[in-house]
Amino acid sequence: MPRPVRLVPAVAVLLALTGTACGAGVHGTPGGSGVRDPYFPKAGNGGYDVGHYDLTLDYTPATRRLTGTAVITARATQNLSAFGLDLAGLDVGSVTVEGRKARFNRAGQKLTVRPHDDLSKGETFRTVVRYSGTPRTLTDPDGSEEGWLPTADGALGLGEPVGSMAWFPGNNHPSDKATYDITVTVPKGLQAVSNGELADQSTRGGRTTYHWHTAQPMASYVATVAVGHFDISRSTGPHGLPIITAVDPTQAKASEEVLAQLPGIIRWEEINFGPYPFSSTGAIVDRPGSADYALETQNRPVIPADHLATGTLVHELAHQWYGDAVTPKSWQDMWLNEGFATYAEWLYQEDHGGKSAQQTFTDLYDGDNEAIWAYPPAKPSSAAHISDSPVYQRGAMVLQKIRQKVGDDTFYDIIQGWVATHRYGNVSTADFTAYVEKKAPHRDFTEIWKDWLYGDRKPDHP
Ligand code: TRP
Ligand code: ZN
């Protein structure tokens with residue numbers, strides 16, 4: 001029996017916009033709305049693959065007004081008559097595709113664009129979106145806030161899992177990574193910090209422009225902008241790796257000691273996880289309460305000062321390998337981020353005179369934190385629970401189970417080879433289990449996968 005098709009409003013509008021003659025003779029169909037993410041079904045769009053975002057933003061904290069131009073270079077993966085971009089709130093002034101004015105429509109989080117001429121499969125095309133307004137703070141299914149967070153002296157743009165659409169239009173799903181240029185103009189005296197490296201800075205007419213360039217592919221959820229007063233400092237870490245930290249001046253003293261550990265943490269992580277995957281590192285430390293969590297924004301994690309601690313820094317920097325360089329294909333595979341970053345904390349403790357990872361594992365198994373067993377790491381119960389302890393702690397426990405089975409040599413081979421094989425790409429849990437089995441062909445992982453990764457309840461044995 002054919003599957004019934006239910007048209008959501010955005011798709012209905014898309015279809016209504018199509019069906020007229022095509023200029024270049026290509027007959028396209030609309031790209032899909034959403035990329036079938038099991039936890040965030042609206043996120044992302046089908047029919048194209050973004051290669052580069054060139055974002056030019058202007059922000060004034062006093063008025064909270066943002067004006068932006070997004071130049072999105074993408075390749076069509078089908079003949080396209082229309083395609084969607086994710087954008088929550090803000091007013092769109094105009095859209096052009098390949099230099100020609102395009103029709104567009106807004107419905108929910110979708111900005112649907114109908115180019116003047118249909119696009120051919122394989123064609124690289126450039127879309128320019130001009131927009132403005134007061135960016136929104138979004139509330140996630142788990143109640144946490146993301147998107148655009150106004151702060152005491154500026155704002156933070158944070159995007160896990162879907163908040164980047166609050167400050168720029170794009171294909172807002174981790175499966176479509178791209179390089180970025182992010183240029184932000186702010187009132188003179190304030191700073192704007194983002195991912196990658198600072199390519200250019202200039203002051204004119206009372207406003208300062210900061211241009212940040214990200215050369216390695218980045219998922220939209222780890223793109224960031226931090227506006228406010230920041231002490232920006234540059235140094236170099238292992239093998240000359242540029243370190244750029246931005247610290248709210250009111251937090252300079254309090255954050256000094258932990259930030260001084262950053263080069264040593266990178267050095268330790270390179271020994272354990274392999275070469276640092278990006279062309280710079282660092283951290284952005286804003287005031288306490290600026291966000292309720294730290295986030296592994298690419299190159300330099302955002303860490304509110306009340307979250308800054310050695311363990312958090314180890315965790316967020318470990319995400320540069322696990323999450324940022326090697327990115328989940330869908331939000332179901334979150335444990336590939338959080339299980340690894342949590343395990344990195346366990347390993348760091350083990351190597352620095354603390355509990356062994358095995359002891360941390362045993363304590364969790366014997367402890368009475370029932371929440372850990374609420375659902376399996378590889379199958380969170382719902383979008384509201386993708387950042388709970390089964391993903392973090394039990395995810396890390398899966399790695400300890402693998403280590404128990406294969407021994408240290410093979411284990412480190414696995415966690416390093418996993419990054420070397422998949423860096424700048426996307427992965428699923430099935431890719432991971434297949435990779436582990438390939439690296440240790442004579443071992444049987446059936447029970448680990450069944451009980452620890454996919455099992456609904458607490459495994460019978462630690
Ligand atoms: N990824 C962050 C960390 O553990 C935590 C986090 C912040 C998060 N926002 C989230 C996790 C939204 C899932 C969804 O470093
Ligand atoms: Zn994390």
# chains A, B, ... in the order shown; residues from 1 in each chain; ligands from 1
>>> residues_near_ligand(ligand="ligand 2", cutoff="10 Å", atoms="only C-alpha atoms and all ligand atoms", output="list in words")
Tyr293, Ala294, Leu295, Glu296, Thr312, Val314, His315, Glu316, Leu317, Ala318, His319, Tyr322, Gly323, Met334, Trp335, Leu336, Asn337, Glu338, Gly339, Phe340, Ala341, Thr342, Ser387, Val391 and Tyr392 of chain A
>>> residues_around(residues="region 439-453 of chain A", least_positions_apart="2", cutoff="10 Å", atoms="only C-alpha atoms", output="ChimeraX atom specification")
/A:335,373,375-379,390-391,394-395,397-399,401-402,405-406,410-411,413-414,417-418,429,433-437,455-462
>>> write_last_selection(atoms="N, CA, C and O atoms", output="short mmCIF file (atom, residue, chain, number, x, y, z; two decimals), in the first residue's frame")
data_model
loop_
_atom_site.label_atom_id
_atom_site.label_comp_id
_atom_site.auth_asym_id
_atom_site.auth_seq_id
_atom_site.Cartn_x
_atom_site.Cartn_y
_atom_site.Cartn_z
N TRP A 335 25.62 10.19 21.80
CA TRP A 335 26.56 9.54 22.73
C TRP A 335 27.96 9.47 22.14
O TRP A 335 28.95 9.44 22.88
N TRP A 373 20.35 4.42 33.95
CA TRP A 373 19.81 3.23 33.28
C TRP A 373 18.46 3.48 32.65
O TRP A 373 17.78 2.57 32.19
N TYR A 375 17.49 4.76 29.84
CA TYR A 375 17.37 4.37 28.41
C TYR A 375 18.77 4.11 27.89
O TYR A 375 19.76 4.51 28.50
N PRO A 376 18.89 3.42 26.76
CA PRO A 376 20.23 3.11 26.24
C PRO A 376 20.90 4.32 25.58
O PRO A 376 20.20 5.15 24.99
N PRO A 377 22.23 4.41 25.67
CA PRO A 377 22.95 5.56 25.09
C PRO A 377 22.64 5.76 23.60
O PRO A 377 22.52 6.90 23.16
N ALA A 378 22.50 4.67 22.87
CA ALA A 378 22.32 4.79 21.42
C ALA A 378 20.86 5.00 21.03
O ALA A 378 20.54 5.06 19.84
N LYS A 379 19.97 5.13 22.03
CA LYS A 379 18.57 5.36 21.70
C LYS A 379 17.89 6.18 22.81
O LYS A 379 17.08 5.66 23.58
N PRO A 390 22.33 8.85 30.66
CA PRO A 390 22.57 7.65 29.84
C PRO A 390 23.45 7.95 28.62
O PRO A 390 24.20 7.08 28.17
N VAL A 391 23.34 9.18 28.09
CA VAL A 391 24.17 9.56 26.94
C VAL A 391 25.60 9.86 27.39
O VAL A 391 26.57 9.39 26.77
N ARG A 394 26.66 6.65 30.78
CA ARG A 394 26.57 5.28 30.27
C ARG A 394 27.26 5.19 28.91
O ARG A 394 27.81 4.15 28.57
N GLY A 395 27.25 6.30 28.15
CA GLY A 395 28.01 6.34 26.90
C GLY A 395 29.49 6.10 27.18
O GLY A 395 30.16 5.32 26.49
N MET A 397 30.65 4.57 29.74
CA MET A 397 30.79 3.19 30.23
C MET A 397 30.95 2.20 29.07
O MET A 397 31.67 1.21 29.17
N VAL A 398 30.29 2.49 27.94
CA VAL A 398 30.44 1.64 26.74
C VAL A 398 31.91 1.61 26.33
O VAL A 398 32.47 0.54 26.01
N LEU A 399 32.56 2.78 26.38
CA LEU A 399 33.97 2.83 25.99
C LEU A 399 34.84 2.05 26.97
O LEU A 399 35.78 1.36 26.57
N LYS A 401 33.87 -0.56 28.62
CA LYS A 401 33.62 -1.97 28.31
C LYS A 401 34.49 -2.42 27.12
O LYS A 401 35.04 -3.52 27.12
N ILE A 402 34.60 -1.57 26.12
CA ILE A 402 35.44 -1.91 24.95
C ILE A 402 36.90 -2.03 25.39
O ILE A 402 37.61 -2.96 25.01
N LYS A 405 37.63 -5.21 27.07
CA LYS A 405 37.64 -6.33 26.12
C LYS A 405 38.91 -6.39 25.29
O LYS A 405 39.46 -7.47 25.08
N VAL A 406 39.43 -5.23 24.83
CA VAL A 406 40.53 -5.26 23.85
C VAL A 406 41.90 -4.92 24.45
O VAL A 406 42.92 -5.16 23.80
N THR A 410 45.03 -1.74 21.80
CA THR A 410 43.99 -1.72 20.76
C THR A 410 42.98 -0.61 21.04
O THR A 410 42.49 0.05 20.12
N PHE A 411 42.69 -0.38 22.33
CA PHE A 411 41.72 0.66 22.66
C PHE A 411 42.17 2.04 22.16
O PHE A 411 41.41 2.76 21.51
N ASP A 413 44.33 2.60 19.83
CA ASP A 413 44.29 2.48 18.36
C ASP A 413 42.90 2.81 17.83
O ASP A 413 42.74 3.47 16.81
N ILE A 414 41.91 2.29 18.52
CA ILE A 414 40.52 2.48 18.09
C ILE A 414 40.12 3.95 18.22
O ILE A 414 39.61 4.54 17.26
N GLY A 417 42.19 6.00 15.70
CA GLY A 417 41.90 5.64 14.31
C GLY A 417 40.51 6.12 13.89
O GLY A 417 40.29 6.51 12.74
N TRP A 418 39.59 6.10 14.84
CA TRP A 418 38.22 6.58 14.60
C TRP A 418 38.24 8.04 14.12
O TRP A 418 37.57 8.40 13.15
N THR A 429 26.23 5.38 14.96
CA THR A 429 26.60 4.34 15.91
C THR A 429 27.00 3.06 15.17
O THR A 429 27.95 2.39 15.55
N THR A 433 30.38 0.78 15.71
CA THR A 433 30.48 -0.64 16.08
C THR A 433 31.21 -1.42 14.98
O THR A 433 32.03 -2.29 15.27
N ALA A 434 30.95 -1.08 13.73
CA ALA A 434 31.65 -1.75 12.62
C ALA A 434 33.15 -1.46 12.69
O ALA A 434 33.98 -2.35 12.46
N TYR A 435 33.50 -0.23 13.03
CA TYR A 435 34.92 0.15 13.12
C TYR A 435 35.62 -0.63 14.24
O TYR A 435 36.72 -1.15 14.05
N VAL A 436 34.98 -0.71 15.39
CA VAL A 436 35.56 -1.44 16.52
C VAL A 436 35.76 -2.91 16.15
O VAL A 436 36.82 -3.50 16.41
N GLU A 437 34.75 -3.49 15.51
CA GLU A 437 34.85 -4.91 15.13
C GLU A 437 35.97 -5.16 14.12
O GLU A 437 36.66 -6.18 14.17
N GLY A 455 20.81 -1.77 25.18
CA GLY A 455 19.94 -2.43 26.18
C GLY A 455 19.10 -1.44 26.98
O GLY A 455 19.58 -0.39 27.39
N ASP A 456 17.86 -1.81 27.23
CA ASP A 456 16.94 -0.92 27.92
C ASP A 456 17.18 -0.81 29.42
O ASP A 456 16.73 0.12 30.06
N ARG A 457 17.84 -1.81 30.00
CA ARG A 457 17.96 -1.75 31.47
C ARG A 457 19.42 -1.93 31.89
O ARG A 457 20.30 -2.17 31.05
N LYS A 458 19.62 -1.84 33.17
CA LYS A 458 20.99 -1.98 33.70
C LYS A 458 21.52 -3.37 33.42
O LYS A 458 20.89 -4.36 33.76
N PRO A 459 22.69 -3.45 32.77
CA PRO A 459 23.26 -4.79 32.49
C PRO A 459 23.50 -5.56 33.79
O PRO A 459 23.79 -4.95 34.83
N ASP A 460 23.39 -6.88 33.70
CA ASP A 460 23.50 -7.72 34.91
C ASP A 460 24.89 -7.72 35.52
O ASP A 460 25.04 -7.97 36.71
N HIS A 461 25.91 -7.52 34.68
CA HIS A 461 27.29 -7.55 35.20
C HIS A 461 28.03 -6.29 34.80
O HIS A 461 27.84 -5.80 33.69
N PRO A 462 28.92 -5.79 35.68
CA PRO A 462 29.68 -4.58 35.36
C PRO A 462 30.76 -4.85 34.30
O PRO A 462 31.15 -5.99 34.14
#
>>> select_by_dssp(residues="region 222-358 of chain A", states="alpha helix (DSSP H)", output="ChimeraX atom specification")
/A:252-259,262-273,310-321,335-351,357-358
>>> residues_around(residues="region 279-285 of chain A", least_positions_apart="4", cutoff="7 Å", atoms="only C-alpha atoms", output="PyMOL selection string")
chain A and resi 196-197+241-248+299-305
>>> write_last_selection(atoms="all heavy atoms", output="short mmCIF file (atom, residue, chain, number, x, y, z; two decimals), in the first residue's frame")
data_model
loop_
_atom_site.label_atom_id
_atom_site.label_comp_id
_atom_site.auth_asym_id
_atom_site.auth_seq_id
_atom_site.Cartn_x
_atom_site.Cartn_y
_atom_site.Cartn_z
N GLY A 196 37.38 29.67 14.31
CA GLY A 196 38.48 29.80 13.36
C GLY A 196 39.51 30.81 13.80
O GLY A 196 39.82 30.93 14.98
N GLU A 197 40.05 31.55 12.81
CA GLU A 197 41.09 32.51 13.11
C GLU A 197 40.65 33.90 12.66
O GLU A 197 39.88 34.04 11.73
CB GLU A 197 42.39 32.13 12.40
CG GLU A 197 42.98 30.82 12.92
CD GLU A 197 42.48 29.59 12.16
OE1 GLU A 197 42.51 29.63 10.91
OE2 GLU A 197 42.03 28.61 12.80
N LEU A 241 50.64 25.42 17.52
CA LEU A 241 49.19 25.57 17.35
C LEU A 241 48.72 26.90 17.96
O LEU A 241 48.94 27.16 19.14
CB LEU A 241 48.47 24.41 18.06
CG LEU A 241 46.94 24.40 18.02
CD1 LEU A 241 46.43 24.14 16.60
CD2 LEU A 241 46.40 23.36 19.00
N PRO A 242 48.10 27.77 17.14
CA PRO A 242 47.63 29.05 17.69
C PRO A 242 46.52 28.85 18.74
O PRO A 242 45.58 28.08 18.53
CB PRO A 242 47.07 29.79 16.47
CG PRO A 242 47.70 29.12 15.29
CD PRO A 242 47.88 27.68 15.68
N ILE A 243 46.68 29.52 19.87
CA ILE A 243 45.67 29.50 20.92
C ILE A 243 45.10 30.91 21.03
O ILE A 243 45.85 31.87 21.24
CB ILE A 243 46.28 29.10 22.29
CG1 ILE A 243 46.93 27.72 22.22
CG2 ILE A 243 45.21 29.13 23.39
CD1 ILE A 243 47.67 27.33 23.52
N ILE A 244 43.80 31.04 20.85
CA ILE A 244 43.17 32.35 21.00
C ILE A 244 42.11 32.23 22.09
O ILE A 244 41.14 31.48 21.94
CB ILE A 244 42.52 32.82 19.67
CG1 ILE A 244 43.56 32.82 18.55
CG2 ILE A 244 41.90 34.20 19.84
CD1 ILE A 244 42.97 32.88 17.15
N THR A 245 42.33 32.95 23.19
CA THR A 245 41.32 32.93 24.24
C THR A 245 40.69 34.31 24.35
O THR A 245 41.35 35.33 24.11
CB THR A 245 41.91 32.54 25.62
OG1 THR A 245 42.94 33.46 25.95
CG2 THR A 245 42.48 31.13 25.61
N ALA A 246 39.41 34.32 24.67
CA ALA A 246 38.67 35.57 24.87
C ALA A 246 38.00 35.47 26.22
O ALA A 246 37.19 34.58 26.45
CB ALA A 246 37.65 35.75 23.75
N VAL A 247 38.37 36.38 27.11
CA VAL A 247 37.87 36.30 28.48
C VAL A 247 37.22 37.62 28.87
O VAL A 247 37.81 38.69 28.69
CB VAL A 247 39.04 35.98 29.46
CG1 VAL A 247 38.53 35.88 30.89
CG2 VAL A 247 39.75 34.69 29.05
N ASP A 248 36.01 37.52 29.37
CA ASP A 248 35.35 38.72 29.89
C ASP A 248 36.26 39.31 30.97
O ASP A 248 36.66 38.59 31.89
CB ASP A 248 33.98 38.36 30.48
CG ASP A 248 33.22 39.60 30.93
OD1 ASP A 248 33.69 40.27 31.88
OD2 ASP A 248 32.16 39.89 30.34
N ASN A 299 36.85 25.12 17.47
CA ASN A 299 38.10 25.80 17.79
C ASN A 299 38.16 26.25 19.25
O ASN A 299 39.10 25.95 19.95
CB ASN A 299 38.38 27.02 16.90
CG ASN A 299 38.41 26.69 15.44
OD1 ASN A 299 37.39 26.81 14.76
ND2 ASN A 299 39.54 26.22 14.95
N ARG A 300 37.12 27.04 19.65
CA ARG A 300 37.17 27.53 21.03
C ARG A 300 35.81 27.41 21.72
O ARG A 300 34.87 28.13 21.43
CB ARG A 300 37.70 28.96 21.11
CG ARG A 300 37.05 30.00 20.23
CD ARG A 300 37.89 31.27 20.15
NE ARG A 300 39.21 30.95 19.64
CZ ARG A 300 39.48 30.75 18.35
NH1 ARG A 300 38.55 30.89 17.45
NH2 ARG A 300 40.69 30.40 17.98
N PRO A 301 35.72 26.46 22.67
CA PRO A 301 34.47 26.29 23.40
C PRO A 301 34.07 27.56 24.16
O PRO A 301 34.91 28.33 24.61
CB PRO A 301 34.78 25.16 24.38
CG PRO A 301 36.22 24.86 24.28
CD PRO A 301 36.74 25.47 23.02
N VAL A 302 32.76 27.74 24.26
CA VAL A 302 32.21 28.80 25.10
C VAL A 302 32.00 28.20 26.49
O VAL A 302 31.32 27.19 26.65
CB VAL A 302 30.86 29.31 24.54
CG1 VAL A 302 30.14 30.19 25.56
CG2 VAL A 302 31.08 30.07 23.24
N ILE A 303 32.63 28.82 27.49
CA ILE A 303 32.51 28.32 28.86
C ILE A 303 32.15 29.49 29.78
O ILE A 303 32.99 30.35 30.06
CB ILE A 303 33.82 27.66 29.33
CG1 ILE A 303 34.31 26.63 28.29
CG2 ILE A 303 33.62 27.00 30.70
CD1 ILE A 303 35.60 25.91 28.67
N PRO A 304 30.90 29.56 30.25
CA PRO A 304 30.57 30.59 31.24
C PRO A 304 31.48 30.39 32.46
O PRO A 304 31.78 29.25 32.83
CB PRO A 304 29.11 30.29 31.58
CG PRO A 304 28.58 29.52 30.41
CD PRO A 304 29.75 28.71 29.92
N ALA A 305 31.92 31.48 33.06
CA ALA A 305 32.94 31.38 34.12
C ALA A 305 32.52 30.46 35.26
O ALA A 305 33.36 29.80 35.87
CB ALA A 305 33.28 32.78 34.64
#
>>> atom_distance(atom1="CA of Asp292 (chain A)", atom2="CA of Leu138 (chain A)")
13.2 Å
>>> select_by_dssp(residues="region 44-176 of chain A", states="strand (DSSP E or B)", output="count of residues only")
77
>>> closest_residue(among="A:Pro150, A:Gly353, A:Gly311, A:Gly51", to="Ser220 (chain A)", atoms="only C-alpha atoms")
A:Gly51
>>> residues_around(residues="region 27-36 of chain A", least_positions_apart="4", cutoff="7 Å", atoms="only C-alpha atoms", output="PyMOL selection string")
chain A and resi 11+14+22+41-47+79-84+118-119
>>> atom_distance(atom1="CA of Met218 (chain A)", atom2="CA of Ala152 (chain A)")
28.1 Å
>>> atom_distance(atom1="CA of Trp321 (chain A)", atom2="CA of Thr421 (chain A)")
11.7 Å
>>> residues_around(residues="Pro263 (chain A)", least_positions_apart="4", cutoff="8 Å", atoms="only C-alpha atoms", output="mmCIF file with all heavy atoms, in the first residue's frame")
data_model
loop_
_atom_site.group_PDB
_atom_site.id
_atom_site.type_symbol
_atom_site.label_atom_id
_atom_site.label_comp_id
_atom_site.auth_asym_id
_atom_site.auth_seq_id
_atom_site.Cartn_x
_atom_site.Cartn_y
_atom_site.Cartn_z
ATOM 1 N N GLY A 237 50.521 26.813 21.328
ATOM 2 C CA GLY A 237 50.564 25.575 22.090
ATOM 3 C C GLY A 237 51.512 24.590 21.437
ATOM 4 O O GLY A 237 52.456 24.997 20.759
ATOM 5 N N PRO A 238 51.242 23.292 21.601
ATOM 6 C CA PRO A 238 52.092 22.256 21.021
ATOM 7 C C PRO A 238 52.282 22.492 19.516
ATOM 8 O O PRO A 238 51.338 22.901 18.845
ATOM 9 C CB PRO A 238 51.297 20.971 21.261
ATOM 10 C CG PRO A 238 50.329 21.284 22.365
ATOM 11 C CD PRO A 238 50.076 22.750 22.312
ATOM 12 N N ARG A 267 48.051 19.085 24.701
ATOM 13 C CA ARG A 267 49.181 18.163 24.519
ATOM 14 C C ARG A 267 48.775 16.757 24.945
ATOM 15 O O ARG A 267 49.003 15.783 24.236
ATOM 16 C CB ARG A 267 50.398 18.651 25.327
ATOM 17 C CG ARG A 267 51.705 17.974 24.947
ATOM 18 C CD ARG A 267 52.914 18.608 25.675
ATOM 19 N NE ARG A 267 52.962 20.054 25.529
ATOM 20 C CZ ARG A 267 52.815 20.949 26.520
ATOM 21 N NH1 ARG A 267 52.621 20.548 27.765
ATOM 22 N NH2 ARG A 267 52.880 22.242 26.276
#
>>> decode(residues="region 128-138 of chain A", atoms="all heavy atoms", output="tab-separated table (two decimals), in the first residue's frame")
chain	number	residue	atom	x	y	z
A	128	VAL	N	21.95	34.56	-1.65
A	128	VAL	CA	22.22	35.68	-0.74
A	128	VAL	C	20.92	36.04	-0.02
A	128	VAL	O	19.92	36.35	-0.67
A	128	VAL	CB	22.76	36.92	-1.51
A	128	VAL	CG1	23.04	38.07	-0.53
A	128	VAL	CG2	24.03	36.54	-2.29
A	129	VAL	N	20.96	35.97	1.30
A	129	VAL	CA	19.79	36.32	2.11
A	129	VAL	C	20.13	37.56	2.93
A	129	VAL	O	21.13	37.57	3.67
A	129	VAL	CB	19.41	35.17	3.08
A	129	VAL	CG1	18.17	35.55	3.91
A	129	VAL	CG2	19.19	33.86	2.32
A	130	ARG	N	19.33	38.61	2.77
A	130	ARG	CA	19.49	39.80	3.62
A	130	ARG	C	18.40	39.80	4.67
A	130	ARG	O	17.23	39.60	4.34
A	130	ARG	CB	19.41	41.07	2.77
A	130	ARG	CG	20.60	41.21	1.86
A	130	ARG	CD	20.50	42.47	0.96
A	130	ARG	NE	21.45	42.32	-0.12
A	130	ARG	CZ	22.76	42.52	0.00
A	130	ARG	NH1	23.27	42.90	1.16
A	130	ARG	NH2	23.56	42.33	-1.04
A	131	TYR	N	18.81	40.00	5.92
A	131	TYR	CA	17.83	39.87	7.00
A	131	TYR	C	18.17	40.79	8.16
A	131	TYR	O	19.30	41.30	8.25
A	131	TYR	CB	17.75	38.40	7.47
A	131	TYR	CG	19.04	37.81	7.98
A	131	TYR	CD1	19.28	37.71	9.36
A	131	TYR	CD2	20.04	37.35	7.11
A	131	TYR	CE1	20.47	37.15	9.85
A	131	TYR	CE2	21.22	36.81	7.58
A	131	TYR	CZ	21.43	36.71	8.95
A	131	TYR	OH	22.60	36.17	9.42
A	132	SER	N	17.22	40.99	9.04
A	132	SER	CA	17.45	41.87	10.19
A	132	SER	C	16.39	41.62	11.26
A	132	SER	O	15.39	40.94	11.01
A	132	SER	CB	17.39	43.33	9.75
A	132	SER	OG	16.10	43.62	9.25
A	133	GLY	N	16.63	42.19	12.43
A	133	GLY	CA	15.64	42.07	13.50
A	133	GLY	C	16.31	41.77	14.83
A	133	GLY	O	17.52	41.86	14.97
A	134	THR	N	15.49	41.40	15.80
A	134	THR	CA	15.99	41.02	17.11
A	134	THR	C	16.05	39.50	17.18
A	134	THR	O	15.00	38.86	17.15
A	134	THR	CB	15.06	41.57	18.21
A	134	THR	OG1	14.99	42.98	18.07
A	134	THR	CG2	15.60	41.23	19.61
A	135	PRO	N	17.25	38.94	17.25
A	135	PRO	CA	17.33	37.47	17.24
A	135	PRO	C	16.70	36.87	18.49
A	135	PRO	O	16.74	37.46	19.57
A	135	PRO	CB	18.83	37.18	17.20
A	135	PRO	CG	19.51	38.47	16.99
A	135	PRO	CD	18.57	39.58	17.33
A	136	ARG	N	16.13	35.70	18.33
A	136	ARG	CA	15.41	35.03	19.42
A	136	ARG	C	16.29	34.14	20.27
A	136	ARG	O	17.25	33.55	19.77
A	136	ARG	CB	14.37	34.09	18.82
A	136	ARG	CG	13.21	34.76	18.18
A	136	ARG	CD	12.21	33.67	17.80
A	136	ARG	NE	11.16	34.24	16.96
A	136	ARG	CZ	10.28	33.50	16.29
A	136	ARG	NH1	10.34	32.18	16.34
A	136	ARG	NH2	9.36	34.08	15.57
A	137	THR	N	15.88	34.01	21.52
A	137	THR	CA	16.40	32.95	22.36
A	137	THR	C	15.44	31.78	22.20
A	137	THR	O	14.23	31.96	22.34
A	137	THR	CB	16.44	33.40	23.84
A	137	THR	OG1	17.20	34.60	23.93
A	137	THR	CG2	17.06	32.32	24.72
A	138	LEU	N	15.94	30.61	21.86
A	138	LEU	CA	15.08	29.44	21.67
A	138	LEU	C	15.14	28.55	22.91
A	138	LEU	O	16.18	28.44	23.55
A	138	LEU	CB	15.52	28.63	20.44
A	138	LEU	CG	15.68	29.41	19.13
A	138	LEU	CD1	16.14	28.46	18.02
A	138	LEU	CD2	14.37	30.08	18.73
